[in-house]
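Undergrad: Got a structure here, written out as structure tokens. Questions coming.
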Amino acid sequence: MHDNAGGTSVDTPDPARTADEIRGTAQGDAPVPLSVLDLVTVGSGSTAGQALRTSVDLARLAERRGYHRHWVAEHHSMPGVASSSPAVILAHLAAHTERIRLGSGGVMLPNHAPLVIAEQFGTLEALAPGRVDLGLGRAPGTDGATAAALRRTGRPGSPMPVAGGEGADDFPQQLAELTRFLDDDFPDGHPYARIHAVPGPVQAAAPGGVQSAARPPVWLLGSSGFSARLAGVLGLPFAFAHHFSARNTVPALDLYRDSFRPSKVLDAPYALIGVAALASDDAREARRQVMTGVLSMLRLRTGRPGLIPSPEEAEAYDFGPMEREFVDGRLADIVHGTPDEVRAGLDALQKRTGADELMITASAHGGEARLRSYELIADAYGLPG
């Protein structure tokens with residue numbers, strides 16, 4: 001905390017405000033709040049510009065239909081995913097929406113200097129006060145060589161590139177530094193005590209300052225137990241990547257809840273899970289669209305990243321035995337079919353995991369299929385709008 005020198009007081013984030021920003025309210029008949037995870041996918045025959053325009057359409061749809069939040073995720077060197085710069089995309093989405101929460105799902109902290117993230121998300125908070133989330137991950141969001149290029153140290157292809165001597169193992173220290181910048185509360189004598197993230201709380205402490213001391217709530221993201229335990233110990237909300245680590249979902253959520261300690265921002269655990277789901281008026285068309293994302297992931301996993309293939313390309317692809325095993329595993333973890341089938345699948349998943357919120361990601365070749373899916377899911381649950 002800093003003393004005020006003529007402006008409004010600067011304090012730690014108000015627990016009531018932060019809790020309200022973290023916890024959503026279920027709409028319609030949904031058992032928990034429903035949200036959107038947008039990877040800004042680019043299909044063959046399309047452009048990044050078109051994908052970004054679809055993101056705007058999706059954010060507006062989500063806001064109109066009562067989805068709680070819309071997150072974008074940092075990825076790099078993937079032709080089919082145009083979300084390399086979450087802060088830039090979120091600023092654009094903020095200009096085209098009014099109420100829906102916007103955030104990162106997530107920013108990969110080891111790729112960036114904590115001060116830069118604090119500045120970016122302080123700017124977003126100034127643009128969209130009270131509706132910005134800062135979700136943080138400890139993975140690079142890409143392959144090792146690209147991570148080395150991002151962090152400017154190490155050799156291309158090294159398994160654990162680092163930046164300034166910091167890698168994923170230093171995530172707790174990086175998180176603590178970022179939090180200090182967000183709250184502007186480095187202790188006296190600290191090397192960074194006179195460094196301030198702007199926009200931020202320091203502007204309230206300046207003579208004549210009227211800046212709010214509020215800042216975006218921090219979420220930890222994960223696909224294993226490390227971030228689950230850390231989020232619990234720190235009393236932070238937790239987001240688990242069920243959509244690509246389904247086998248670890250229940251153990252990670254159990255670990256989070258068992259590790260949880262009440263904090264200034266949460267008095268009880270709050271966990272959302274990312275869920276791959278696609279609804280269509282016809283179950284066969286839903287599977288046809290889902291297969292485009294499955295083939296794209298197969299190519300990525302085998303070192304052949306590209307644009308999201310068309311349904312026709314996915315249908316014509318000759319899957320080998322090992323590839324078919326991968327496909328079957330992926331399909332088992334994607335909720336897809338008619339709206340009623342998708343609702344039943346989401347309900348069963350929420351009941352099995354006890355998730356406090358479901359964040360739906362719909363991977364398909366074209367934006368039209370993705371937008372239609374979110375509309376149909378909203379209809380299935382009787383969401384407003």
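Here's how to read the names in the structure tokens: chain A, B, ... by the order shown, residue numbers from 1 in each chain, ligand numbers from 1 in the order shown.
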Which range 63-106 of chain A residues have any atom within 9 Å of an atom of range 296-306 of chain A, and for each, what is the nearest pair of atoms with distance in Å to one decimal, counting only C-alpha atoms, rows sorted by chain and number, as a tab-separated table?
TA:
```
residue	atom	partner	partner_atom	distance
A:Ser77	CA	A:Pro305	CA	8.6
A:Met78	CA	A:Pro305	CA	6.1
A:Pro79	CA	A:Gly306	CA	5.1
A:Gly80	CA	A:Gly306	CA	5.6
A:Val81	CA	A:Gly306	CA	8.9
```
Undergrad: Emit the selected residues as a compact mmCIF listing (two decimals), in the first residue's frame, including N, CA and C atoms.
TA:
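As written to disk, again30.txt reads:
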```txt
# COMPACT_ATOMS: atom_id res chain seq x y z
N SER A 77 3.55 -19.05 -33.79
CA SER A 77 4.07 -19.86 -34.89
C SER A 77 3.11 -20.96 -35.33
N MET A 78 1.81 -20.70 -35.22
CA MET A 78 0.79 -21.65 -35.65
C MET A 78 -0.06 -20.97 -36.71
N PRO A 79 0.06 -21.34 -37.96
CA PRO A 79 -0.69 -20.66 -39.03
C PRO A 79 -2.19 -20.63 -38.83
N GLY A 80 -2.73 -21.65 -38.18
CA GLY A 80 -4.18 -21.74 -38.02
C GLY A 80 -4.72 -21.04 -36.79
N VAL A 81 -3.84 -20.37 -36.03
CA VAL A 81 -4.28 -19.69 -34.80
C VAL A 81 -3.72 -18.27 -34.80
```
Undergrad: Quick one: residues within 9 Å of range 325-333 of chain A, only C-alpha atoms counted, chain neighbours fewer than 6 positions away excluded, as a PyMOL selection string?
TA: chain A and resi 242-246+275-277+287+290-291+294-295+298+319
Undergrad: Hey, can you spit out that residue selection with N, CA and C atoms as a compact mmCIF listing (two decimals), in the first residue's frame?
TA:
```txt
# COMPACT_ATOMS: atom_id res chain seq x y z
N HIS A 242 -9.23 -28.59 -19.79
CA HIS A 242 -9.82 -29.91 -20.04
C HIS A 242 -9.83 -30.24 -21.51
N HIS A 243 -9.92 -29.23 -22.37
CA HIS A 243 -10.07 -29.47 -23.81
C HIS A 243 -8.83 -30.11 -24.43
N PHE A 244 -7.67 -30.07 -23.75
CA PHE A 244 -6.55 -30.84 -24.28
C PHE A 244 -5.83 -31.66 -23.21
N SER A 245 -6.38 -31.74 -22.01
CA SER A 245 -5.78 -32.56 -20.97
C SER A 245 -6.87 -33.17 -20.11
N ALA A 246 -7.80 -33.84 -20.75
CA ALA A 246 -9.01 -34.32 -20.07
C ALA A 246 -8.71 -35.30 -18.95
N VAL A 275 -13.64 -26.35 -22.31
CA VAL A 275 -14.30 -27.52 -22.89
C VAL A 275 -14.42 -27.35 -24.39
N ALA A 276 -13.97 -28.34 -25.14
CA ALA A 276 -14.18 -28.33 -26.59
C ALA A 276 -15.59 -28.83 -26.87
N ALA A 277 -16.41 -28.00 -27.51
CA ALA A 277 -17.79 -28.38 -27.79
C ALA A 277 -18.26 -27.71 -29.06
N ARG A 287 -20.07 -33.55 -36.39
CA ARG A 287 -18.87 -34.38 -36.44
C ARG A 287 -17.98 -33.96 -37.61
N VAL A 290 -16.13 -30.88 -36.50
CA VAL A 290 -15.16 -31.22 -35.45
C VAL A 290 -13.92 -31.88 -36.03
N MET A 291 -14.10 -32.69 -37.05
CA MET A 291 -12.96 -33.39 -37.65
C MET A 291 -11.95 -32.44 -38.26
N VAL A 294 -9.73 -31.66 -35.40
CA VAL A 294 -8.97 -32.84 -35.01
C VAL A 294 -7.80 -33.06 -35.98
N LEU A 295 -8.07 -32.93 -37.27
CA LEU A 295 -6.99 -33.10 -38.25
C LEU A 295 -5.94 -32.00 -38.08
N LEU A 298 -3.81 -32.99 -35.19
CA LEU A 298 -2.94 -34.09 -35.57
C LEU A 298 -1.72 -33.58 -36.33
N PHE A 319 -6.41 -41.59 -42.75
CA PHE A 319 -5.78 -41.73 -41.45
C PHE A 319 -5.15 -43.12 -41.32
```
Undergrad: Considering only C-alpha atoms, can you say which of A:Thr41, A:Thr353, A:Ser259, A:Asn111 comes closest to Ser227 in chain A?
TA: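 Under the stated criterion, the closest residue is A:Ser259.
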Undergrad: Using backbone DSSP assignments, extract all helix (DSSP H, G or I) residues from range 55-246 of chain A; output them as JSON, numbers by chain.
TA: {"A": [55, 56, 57, 58, 59, 60, 61, 62, 63, 64, 65, 86, 87, 88, 89, 90, 91, 92, 93, 94, 95, 109, 110, 111, 114, 115, 116, 117, 118, 119, 120, 121, 122, 123, 124, 125, 126, 127, 144, 145, 146, 147, 148, 149, 150, 151, 168, 169, 170, 171, 172, 173, 174, 175, 176, 177, 178, 179, 180, 181, 182, 183, 202, 203, 204, 205, 225, 226, 227, 228, 229, 230, 231, 232, 233, 234, 246]}
Undergrad: Leaving out range 192-203 of chain A and any residue of its chain fewer than 3 positions from it, which residues lie within 7 Å of it when counting only C-alpha atoms, given as a PDB file with N, CA, C and O atoms, in the first residue's frame?
TA:
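Result file is around13.pdb:
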```pdb
ATOM      1  N   VAL A  10      -4.943   4.661  -2.414  1.00  0.00           N
ATOM      2  CA  VAL A  10      -4.585   3.487  -3.199  1.00  0.00           C
ATOM      3  C   VAL A  10      -4.482   2.322  -2.245  1.00  0.00           C
ATOM      4  O   VAL A  10      -3.705   2.348  -1.307  1.00  0.00           O
ATOM      5  N   LEU A 115       6.585  -6.464 -16.003  1.00  0.00           N
ATOM      6  CA  LEU A 115       6.207  -5.059 -16.108  1.00  0.00           C
ATOM      7  C   LEU A 115       5.412  -4.804 -17.383  1.00  0.00           C
ATOM      8  O   LEU A 115       4.433  -4.040 -17.380  1.00  0.00           O
ATOM      9  N   ALA A 118       1.884  -6.001 -16.898  1.00  0.00           N
ATOM     10  CA  ALA A 118       1.163  -5.085 -16.017  1.00  0.00           C
ATOM     11  C   ALA A 118       0.748  -3.826 -16.765  1.00  0.00           C
ATOM     12  O   ALA A 118      -0.369  -3.313 -16.575  1.00  0.00           O
ATOM     13  N   GLU A 119       1.610  -3.315 -17.612  1.00  0.00           N
ATOM     14  CA  GLU A 119       1.277  -2.125 -18.397  1.00  0.00           C
ATOM     15  C   GLU A 119       0.168  -2.420 -19.404  1.00  0.00           C
ATOM     16  O   GLU A 119      -0.776  -1.630 -19.572  1.00  0.00           O
ATOM     17  N   GLY A 122      -3.045  -2.989 -17.467  1.00  0.00           N
ATOM     18  CA  GLY A 122      -3.478  -1.724 -16.900  1.00  0.00           C
ATOM     19  C   GLY A 122      -4.144  -0.864 -17.956  1.00  0.00           C
ATOM     20  O   GLY A 122      -5.135  -0.168 -17.689  1.00  0.00           O
ATOM     21  N   THR A 123      -3.597  -0.905 -19.161  1.00  0.00           N
ATOM     22  CA  THR A 123      -4.209  -0.179 -20.275  1.00  0.00           C
ATOM     23  C   THR A 123      -5.590  -0.743 -20.589  1.00  0.00           C
ATOM     24  O   THR A 123      -6.554   0.010 -20.801  1.00  0.00           O
ATOM     25  N   PHE A 181       3.717  -5.299  -9.403  1.00  0.00           N
ATOM     26  CA  PHE A 181       3.545  -4.208 -10.371  1.00  0.00           C
ATOM     27  C   PHE A 181       2.071  -3.832 -10.511  1.00  0.00           C
ATOM     28  O   PHE A 181       1.724  -2.645 -10.590  1.00  0.00           O
ATOM     29  N   LEU A 182       1.178  -4.831 -10.547  1.00  0.00           N
ATOM     30  CA  LEU A 182      -0.245  -4.547 -10.686  1.00  0.00           C
ATOM     31  C   LEU A 182      -0.780  -3.747  -9.495  1.00  0.00           C
ATOM     32  O   LEU A 182      -1.621  -2.860  -9.654  1.00  0.00           O
ATOM     33  N   ASP A 183      -0.298  -4.080  -8.304  1.00  0.00           N
ATOM     34  CA  ASP A 183      -0.762  -3.407  -7.092  1.00  0.00           C
ATOM     35  C   ASP A 183       0.076  -2.191  -6.724  1.00  0.00           C
ATOM     36  O   ASP A 183      -0.272  -1.452  -5.809  1.00  0.00           O
ATOM     37  N   ASP A 184       1.203  -2.009  -7.419  1.00  0.00           N
ATOM     38  CA  ASP A 184       2.119  -0.915  -7.128  1.00  0.00           C
ATOM     39  C   ASP A 184       2.521  -0.910  -5.649  1.00  0.00           C
ATOM     40  O   ASP A 184       2.425   0.109  -4.960  1.00  0.00           O
ATOM     41  N   PHE A 186       5.658  -2.620  -4.298  1.00  0.00           N
ATOM     42  CA  PHE A 186       6.982  -3.106  -3.929  1.00  0.00           C
ATOM     43  C   PHE A 186       7.408  -2.420  -2.628  1.00  0.00           C
ATOM     44  O   PHE A 186       7.190  -1.215  -2.441  1.00  0.00           O
ATOM     45  N   PRO A 187       8.020  -3.140  -1.706  1.00  0.00           N
ATOM     46  CA  PRO A 187       8.422  -2.535  -0.432  1.00  0.00           C
ATOM     47  C   PRO A 187       9.575  -1.558  -0.612  1.00  0.00           C
ATOM     48  O   PRO A 187      10.329  -1.642  -1.587  1.00  0.00           O
ATOM     49  N   ASP A 188       9.685  -0.631   0.326  1.00  0.00           N
ATOM     50  CA  ASP A 188      10.809   0.302   0.309  1.00  0.00           C
ATOM     51  C   ASP A 188      12.115  -0.472   0.290  1.00  0.00           C
ATOM     52  O   ASP A 188      12.272  -1.476   0.988  1.00  0.00           O
ATOM     53  N   GLY A 189      13.052  -0.001  -0.504  1.00  0.00           N
ATOM     54  CA  GLY A 189      14.345  -0.658  -0.608  1.00  0.00           C
ATOM     55  C   GLY A 189      14.427  -1.691  -1.705  1.00  0.00           C
ATOM     56  O   GLY A 189      15.523  -2.126  -2.063  1.00  0.00           O
ATOM     57  N   ALA A 206      -0.596  10.160  -7.120  1.00  0.00           N
ATOM     58  CA  ALA A 206      -0.004  11.426  -7.545  1.00  0.00           C
ATOM     59  C   ALA A 206      -0.930  12.582  -7.168  1.00  0.00           C
ATOM     60  O   ALA A 206      -2.145  12.411  -7.084  1.00  0.00           O
ATOM     61  N   GLY A 209      -4.530  12.981  -8.391  1.00  0.00           N
ATOM     62  CA  GLY A 209      -4.883  11.722  -9.033  1.00  0.00           C
ATOM     63  C   GLY A 209      -6.271  11.235  -8.664  1.00  0.00           C
ATOM     64  O   GLY A 209      -6.682  11.317  -7.506  1.00  0.00           O
ATOM     65  N   GLN A 211      -7.299   8.173 -10.367  1.00  0.00           N
ATOM     66  CA  GLN A 211      -7.288   6.834 -10.953  1.00  0.00           C
ATOM     67  C   GLN A 211      -7.774   5.804  -9.941  1.00  0.00           C
ATOM     68  O   GLN A 211      -7.404   5.857  -8.766  1.00  0.00           O
ATOM     69  N   SER A 212      -8.581   4.874 -10.369  1.00  0.00           N
ATOM     70  CA  SER A 212      -9.014   3.783  -9.503  1.00  0.00           C
ATOM     71  C   SER A 212      -7.834   2.885  -9.168  1.00  0.00           C
ATOM     72  O   SER A 212      -6.947   2.669  -9.999  1.00  0.00           O
ATOM     73  N   ALA A 213      -7.831   2.358  -7.947  1.00  0.00           N
ATOM     74  CA  ALA A 213      -6.785   1.418  -7.555  1.00  0.00           C
ATOM     75  C   ALA A 213      -7.089   0.008  -8.028  1.00  0.00           C
ATOM     76  O   ALA A 213      -6.259  -0.888  -7.880  1.00  0.00           O
TER      77      ALA A 213
END
```
Undergrad: Hey, can you check how far CA of Arg343 in chain A sits from CA of Ala380 in chain A?
TA: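 About the pair CA of Arg343 in chain A and CA of Ala380 in chain A: they are 6.5 Å apart.
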Undergrad: Excluding same-chain residues fewer than 5 positions from Ala73 in chain A, what lies within 7 Å of it counting only C-alpha atoms, as a ChimeraX atom specification?
TA: /A:39,83,86,104-107
Undergrad: Go ahead and save the residues from that selection, with N, CA and C atoms, as a PDB file, in the first residue's frame.
TA:
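Final output, out_19.pdb:
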```
ATOM      1  N   LEU A  39      -9.864 -19.054 -29.916  1.00  0.00           N
ATOM      2  CA  LEU A  39      -8.493 -19.221 -30.397  1.00  0.00           C
ATOM      3  C   LEU A  39      -8.238 -18.451 -31.691  1.00  0.00           C
ATOM      4  N   SER A  83      -4.032 -15.794 -32.565  1.00  0.00           N
ATOM      5  CA  SER A  83      -4.136 -15.119 -31.269  1.00  0.00           C
ATOM      6  C   SER A  83      -2.774 -14.956 -30.606  1.00  0.00           C
ATOM      7  N   PRO A  86      -2.700 -11.404 -27.346  1.00  0.00           N
ATOM      8  CA  PRO A  86      -3.985 -11.262 -26.647  1.00  0.00           C
ATOM      9  C   PRO A  86      -4.345  -9.833 -26.283  1.00  0.00           C
ATOM     10  N   SER A 104      -7.546 -12.958 -20.927  1.00  0.00           N
ATOM     11  CA  SER A 104      -6.554 -13.836 -21.546  1.00  0.00           C
ATOM     12  C   SER A 104      -6.685 -15.227 -20.963  1.00  0.00           C
ATOM     13  N   GLY A 105      -6.703 -16.190 -21.844  1.00  0.00           N
ATOM     14  CA  GLY A 105      -6.791 -17.573 -21.390  1.00  0.00           C
ATOM     15  C   GLY A 105      -5.739 -18.455 -22.011  1.00  0.00           C
ATOM     16  N   GLY A 106      -4.471 -18.090 -21.944  1.00  0.00           N
ATOM     17  CA  GLY A 106      -3.987 -16.959 -21.179  1.00  0.00           C
ATOM     18  C   GLY A 106      -2.812 -16.279 -21.858  1.00  0.00           C
ATOM     19  N   VAL A 107      -2.230 -15.362 -21.102  1.00  0.00           N
ATOM     20  CA  VAL A 107      -0.912 -14.818 -21.431  1.00  0.00           C
ATOM     21  C   VAL A 107       0.132 -15.756 -20.835  1.00  0.00           C
TER      22      VAL A 107
END
```
Undergrad: Choose the residue, out of A:Thr338, A:Ser55, A:Gln289, A:Gln27, that has the smallest atom-to-atom separation from His96 in chain A; count only C-alpha atoms.
TA: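 Under the stated criterion, the closest residue is A:Ser55.
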Undergrad: Compile the contact shell of Thr361 in chain A as a ChimeraX atom specification: residues with an atom at most 12 Å away, counting only C-alpha atoms, same-chain residues fewer than 2 positions apart removed.
TA: /A:34-41,58,70-73,105,241-244,273-279,290,293,334-336,358-359,363-364,370-371,373-374,377
Undergrad: So how far away is CA of Glu375 in chain A from CA of Val132 in chain A, in Å?
TA: 23.5 Å
Undergrad: Using only C-alpha atoms, which protein or nucleic acid residues come within 8 Å of Leu175 in chain A? Drop anything in the same chain fewer than 4 positions from it, and give the result as a PyMOL selection string.
TA: chain A and resi 109+114+171+179
Undergrad: Write a file of the selected residues as a PDB file, in the first residue's frame, keeping N, CA, C and O atoms.
TA:
```
ATOM      1  N   LEU A 109       3.225 -16.201 -19.163  1.00  0.00           N
ATOM      2  CA  LEU A 109       4.075 -15.307 -18.383  1.00  0.00           C
ATOM      3  C   LEU A 109       5.565 -15.450 -18.664  1.00  0.00           C
ATOM      4  O   LEU A 109       6.265 -14.438 -18.766  1.00  0.00           O
ATOM      5  N   PRO A 114       7.310  -9.166 -16.626  1.00  0.00           N
ATOM      6  CA  PRO A 114       6.105  -8.870 -15.847  1.00  0.00           C
ATOM      7  C   PRO A 114       5.651  -7.416 -15.943  1.00  0.00           C
ATOM      8  O   PRO A 114       4.453  -7.145 -15.979  1.00  0.00           O
ATOM      9  N   PHE A 171       8.167 -19.578 -12.346  1.00  0.00           N
ATOM     10  CA  PHE A 171       6.843 -18.984 -12.498  1.00  0.00           C
ATOM     11  C   PHE A 171       6.338 -18.328 -11.215  1.00  0.00           C
ATOM     12  O   PHE A 171       5.812 -17.207 -11.266  1.00  0.00           O
ATOM     13  N   THR A 179       2.384  -9.337  -9.779  1.00  0.00           N
ATOM     14  CA  THR A 179       1.363  -8.891  -8.834  1.00  0.00           C
ATOM     15  C   THR A 179       1.783  -7.603  -8.141  1.00  0.00           C
ATOM     16  O   THR A 179       0.972  -6.691  -7.933  1.00  0.00           O
TER      17      THR A 179
END
```
Undergrad: Suppose you want the space between CA of Arg69 in chain A and CA of Arg101 in chain A; what is it in Å?
TA: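 CA of Arg69 in chain A sits 4.4 Å away from CA of Arg101 in chain A.
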Undergrad: Please run DSSP on the backbone and report, as a PyMOL selection string, all residues within range 211-289 of chain A that come out as strand (DSSP E).
TA: chain A and resi 218-222+238-240+271-279
Undergrad: Now that the selection is made, can you save its residues with C-alpha atoms as a compact mmCIF listing (two decimals), in the first residue's frame?
TA:
```txt
# COMPACT_ATOMS: atom_id res chain seq x y z
CA VAL A 218 -5.43 -12.70 -11.84
CA TRP A 219 -6.26 -16.28 -12.81
CA LEU A 220 -3.84 -19.17 -13.02
CA LEU A 221 -4.20 -21.56 -15.94
CA GLY A 222 -2.96 -25.11 -16.13
CA PHE A 238 -8.09 -21.50 -11.46
CA ALA A 239 -8.79 -22.41 -15.09
CA PHE A 240 -8.03 -25.94 -16.25
CA ALA A 271 -12.53 -23.21 -10.96
CA LEU A 272 -13.55 -23.11 -14.57
CA ILE A 273 -12.65 -25.68 -17.19
CA GLY A 274 -12.07 -25.18 -20.90
CA VAL A 275 -14.30 -27.52 -22.89
CA ALA A 276 -14.18 -28.33 -26.59
CA ALA A 277 -17.79 -28.38 -27.79
CA LEU A 278 -19.58 -27.90 -31.09
CA ALA A 279 -23.30 -28.01 -31.75
```
